[in-house]
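S.K.: Below: one structure in structure tokens.
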Amino acid sequence: MAEVCKGCGGGDALPFQFKMAFQPIVAINEQRIWGYEALVRGPNGESAHSVLSQLTKDQLYRFDQAARVMAIETAGRLFKDRQARLSINFMPNAVYEPQACIQKSLAAAHRSNFPPSNLMFEFTENERMTDPAHVEKIVHAYRRLGFMTALDDFGAGYAGLGLLARLQPDLIKVDMELLRDIHLSRSKQVIVAGIVSMARELQIKVLAEGVESEAEITVLRAAGIGLFQGYYFSKPGFMTLPDVPGYSSASSALAG
């Protein structure tokens with residue numbers, strides 16, 4: 001019988017509603033959609049902040065579980081291509097026991113006929129991690145379950161290179177502040193080239209997030225980045241999957 005997380009289950013219903021938006025992640029060299037990131041929104045498309053600002057400390061666990069389930073169930077209805085990745089943000093400090101806390105997500109994937117192996121969980125450097133050893137335990141548990149893990153906002157936040165060395169996720173998302181107007185900044189170009197080289201040695205994928213211009217993309221492609229996300233390609237679609245002109249859905253050649 002599957003282990004159940006006592007901290008994640010039960011309790012009162014959340015006193016607010018929320019829904020999801022989806023932003024495409026493209027594999028630019030193959031001109032295909034690699035996956036989508038699920039983003040929290042208010043019930044009428046309001047910003048993520050409008051939802052997260054209502055959270056209290058004792059609601060974190062229930063919200064984290066509910067957001068994962070909603071993302072997976074909504075993707076199950078929307079995704080025509082079952083090979084596309086679904087990237088879900090999670091709160092490392094809102095996971096008691098990885099094997100137990102993931103059970104509701106696995107059940108949602110089963111109900112929605114969504115392949116669990118195509119789930120990717122993002123954790124961000126911008127949330128102070130009170131127990132890095134616990135986060136390391138989560139990453140290792142998710143890897144054993146066949147999920148991808150991603151470090152969001154790399155190059156900003158609290159931990160940086162130390163966290164990368166400790167966790168070695170499958171993918172890093174370079175913070176948009178490092179990428180903004182990179183074509184005009186030699187120092188940014190050198191730093192990003194170093195990140196790409198380091199990630200290649202560690203066999204970690206690199207994604208450029210928040211890209212907004214063709215000039216940025218040209219420099220980043222030359223640096224060796226192939227995965228992109230940002231307004232240049234598409235804004236998030238509220239409870240829908242937005243089209244990306246010129247990019248097809250993920251094919252059977254989808255990279256892992």
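Labeling convention for the structure tokens: chains A, B, ... as they appear, residues from 1 per chain, ligands from 1 in order of appearance.
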Which of segment 19-193 of chain A counts as helix (DSSP H, G or I) under DSSP, as a PyMOL selection string please?

M.R.: chain A and resi 48-52+57-78+92-94+98-101+103-112+116-118+132-144+161-167+176-179+182-184+186-193

S.K.: Which residues, written as a VMD selection string, have at least one atom at most 12 Å from Gln23 of chain A, with only C-alpha atoms counted and residues fewer than 2 positions away on the same chain left out?

M.R.: chain A and resid 20 to 21 25 to 26 33 to 40 75 85 to 88 209 to 210 228 to 244

S.K.: From the options A:Leu163, A:Leu207, A:Ile28, A:Met198, which residue's atoms come nearest to Asp175 of chain A, counting only C-alpha atoms?

M.R.: A:Leu207

S.K.: Of the candidates A:Ala108, A:Ile191, A:Leu55, A:Ile102, which shows the shortest atom-to-atom distance to Arg77 of chain A, using only C-alpha atoms?

M.R.: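 The shortest atom-to-atom distance to Arg77 of chain A comes from A:Ala108.
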
S.K.: Nearest to Asn44 of chain A: which of A:Lys19, A:Arg144, A:Arg82, A:Arg68 is it, counting only C-alpha atoms?

M.R.: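 Ranking A:Lys19, A:Arg144, A:Arg82, A:Arg68 by distance to Asn44 of chain A, first place goes to A:Lys19.
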
S.K.: Can you work out the spacing between atom CA of Phe63 of chain A and atom CA of Ser112 of chain A in Å, to one decimal?

M.R.: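 Straight-line distance from atom CA of Phe63 of chain A to atom CA of Ser112 of chain A works out to 19.7 Å.
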
S.K.: From the set A:Met176, A:Val196, A:Ala100, A:Ile138, which residue has the shortest atom-to-atom contact distance to Ala156 of chain A, counting only C-alpha atoms?

M.R.: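 Of A:Met176, A:Val196, A:Ala100, A:Ile138, the one nearest Ala156 of chain A is A:Met176, counting only C-alpha atoms.
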
S.K.: What are the DSSP strand (DSSP E) residues of segment 63-253 of chain A, as a PyMOL selection string?

M.R.: chain A and resi 85-89+119-124+148-154+171-174+205-209+227-229+237-238

S.K.: Restricted to N, CA, C and O atoms, what would the selected residues look like written as a tab-separated table (two decimals), in the first residue's frame?

M.R.:
```
chain	number	residue	atom	x	y	z
A	85	ARG	N	6.71	17.57	-22.32
A	85	ARG	CA	6.96	17.69	-20.88
A	85	ARG	C	5.98	18.66	-20.24
A	85	ARG	O	5.56	19.65	-20.85
A	86	LEU	N	5.63	18.38	-19.00
A	86	LEU	CA	4.89	19.32	-18.18
A	86	LEU	C	5.78	19.72	-17.02
A	86	LEU	O	6.17	18.88	-16.21
A	87	SER	N	6.13	20.99	-16.96
A	87	SER	CA	7.00	21.49	-15.90
A	87	SER	C	6.16	22.16	-14.82
A	87	SER	O	5.36	23.06	-15.11
A	88	ILE	N	6.34	21.71	-13.58
A	88	ILE	CA	5.54	22.19	-12.46
A	88	ILE	C	6.46	22.79	-11.40
A	88	ILE	O	7.43	22.15	-10.98
A	89	ASN	N	6.16	23.99	-10.97
A	89	ASN	CA	6.91	24.60	-9.87
A	89	ASN	C	6.48	23.96	-8.55
A	89	ASN	O	5.30	23.67	-8.36
A	119	LEU	N	6.82	14.33	-16.44
A	119	LEU	CA	6.72	15.42	-15.47
A	119	LEU	C	8.11	15.95	-15.14
A	119	LEU	O	9.06	15.18	-14.97
A	120	MET	N	8.22	17.25	-15.04
A	120	MET	CA	9.44	17.90	-14.58
A	120	MET	C	9.07	18.85	-13.45
A	120	MET	O	8.13	19.64	-13.59
A	121	PHE	N	9.79	18.77	-12.35
A	121	PHE	CA	9.51	19.62	-11.19
A	121	PHE	C	10.61	20.66	-11.05
A	121	PHE	O	11.79	20.34	-10.99
A	122	GLU	N	10.19	21.92	-11.00
A	122	GLU	CA	11.12	23.04	-10.88
A	122	GLU	C	11.15	23.54	-9.44
A	122	GLU	O	10.10	23.76	-8.84
A	123	PHE	N	12.34	23.76	-8.92
A	123	PHE	CA	12.47	24.47	-7.66
A	123	PHE	C	13.33	25.69	-7.91
A	123	PHE	O	14.18	25.71	-8.80
A	124	THR	N	13.08	26.74	-7.16
A	124	THR	CA	13.70	28.02	-7.45
A	124	THR	C	14.71	28.41	-6.40
A	124	THR	O	14.55	28.11	-5.22
A	148	MET	N	12.04	14.42	-14.19
A	148	MET	CA	13.13	15.38	-14.34
A	148	MET	C	13.00	16.42	-13.23
A	148	MET	O	11.91	16.68	-12.73
A	149	THR	N	14.13	16.99	-12.85
A	149	THR	CA	14.12	18.12	-11.92
A	149	THR	C	14.86	19.29	-12.55
A	149	THR	O	15.80	19.10	-13.32
A	150	ALA	N	14.42	20.49	-12.24
A	150	ALA	CA	15.00	21.69	-12.83
A	150	ALA	C	15.24	22.73	-11.75
A	150	ALA	O	14.43	22.89	-10.83
A	151	LEU	N	16.34	23.44	-11.85
A	151	LEU	CA	16.66	24.55	-10.96
A	151	LEU	C	16.32	25.83	-11.69
A	151	LEU	O	16.93	26.19	-12.70
A	152	ASP	N	15.29	26.52	-11.21
A	152	ASP	CA	14.79	27.73	-11.84
A	152	ASP	C	15.61	28.94	-11.37
A	152	ASP	O	16.26	28.91	-10.32
A	153	ASP	N	15.58	30.00	-12.18
A	153	ASP	CA	16.21	31.28	-11.82
A	153	ASP	C	17.68	31.12	-11.49
A	153	ASP	O	18.21	31.81	-10.59
A	154	PHE	N	18.39	30.24	-12.21
A	154	PHE	CA	19.80	30.04	-11.91
A	154	PHE	C	20.58	31.32	-12.21
A	154	PHE	O	20.43	31.94	-13.26
A	171	LEU	N	18.15	19.88	-15.35
A	171	LEU	CA	18.07	21.08	-16.18
A	171	LEU	C	18.22	22.31	-15.31
A	171	LEU	O	17.75	22.33	-14.17
A	172	ILE	N	18.85	23.34	-15.85
A	172	ILE	CA	18.88	24.64	-15.18
A	172	ILE	C	18.27	25.68	-16.11
A	172	ILE	O	18.47	25.66	-17.32
A	173	LYS	N	17.48	26.57	-15.51
A	173	LYS	CA	16.86	27.67	-16.24
A	173	LYS	C	17.61	28.94	-15.86
A	173	LYS	O	17.55	29.39	-14.71
A	174	VAL	N	18.34	29.49	-16.81
A	174	VAL	CA	19.16	30.67	-16.53
A	174	VAL	C	18.25	31.87	-16.30
A	174	VAL	O	17.33	32.15	-17.08
A	205	LYS	N	21.00	19.93	-18.88
A	205	LYS	CA	20.43	20.76	-19.94
A	205	LYS	C	20.33	22.21	-19.47
A	205	LYS	O	20.17	22.48	-18.29
A	206	VAL	N	20.39	23.13	-20.42
A	206	VAL	CA	20.28	24.55	-20.12
A	206	VAL	C	19.11	25.14	-20.90
A	206	VAL	O	18.96	24.89	-22.10
A	207	LEU	N	18.28	25.90	-20.19
A	207	LEU	CA	17.13	26.57	-20.80
A	207	LEU	C	17.25	28.06	-20.54
A	207	LEU	O	17.52	28.48	-19.42
A	208	ALA	N	17.04	28.85	-21.57
A	208	ALA	CA	17.04	30.31	-21.43
A	208	ALA	C	15.60	30.76	-21.24
A	208	ALA	O	14.76	30.54	-22.11
A	209	GLU	N	15.30	31.37	-20.09
A	209	GLU	CA	13.92	31.78	-19.82
A	209	GLU	C	13.78	33.29	-19.90
A	209	GLU	O	14.73	34.05	-19.69
A	227	LEU	N	17.15	25.22	-25.65
A	227	LEU	CA	15.81	25.29	-25.10
A	227	LEU	C	15.50	26.73	-24.68
A	227	LEU	O	16.31	27.37	-24.00
A	228	PHE	N	14.33	27.21	-25.07
A	228	PHE	CA	13.97	28.61	-24.82
A	228	PHE	C	12.53	28.71	-24.34
A	228	PHE	O	11.66	27.92	-24.70
A	229	GLN	N	12.30	29.77	-23.55
A	229	GLN	CA	10.97	30.08	-23.04
A	229	GLN	C	10.89	31.58	-22.86
A	229	GLN	O	11.83	32.21	-22.36
A	237	GLY	N	-0.79	30.88	-21.89
A	237	GLY	CA	-2.20	30.79	-22.24
A	237	GLY	C	-3.00	30.38	-21.03
A	237	GLY	O	-2.69	29.38	-20.38
A	238	PHE	N	-4.02	31.14	-20.69
A	238	PHE	CA	-4.84	30.87	-19.51
A	238	PHE	C	-5.74	29.67	-19.77
A	238	PHE	O	-6.65	29.74	-20.61
```
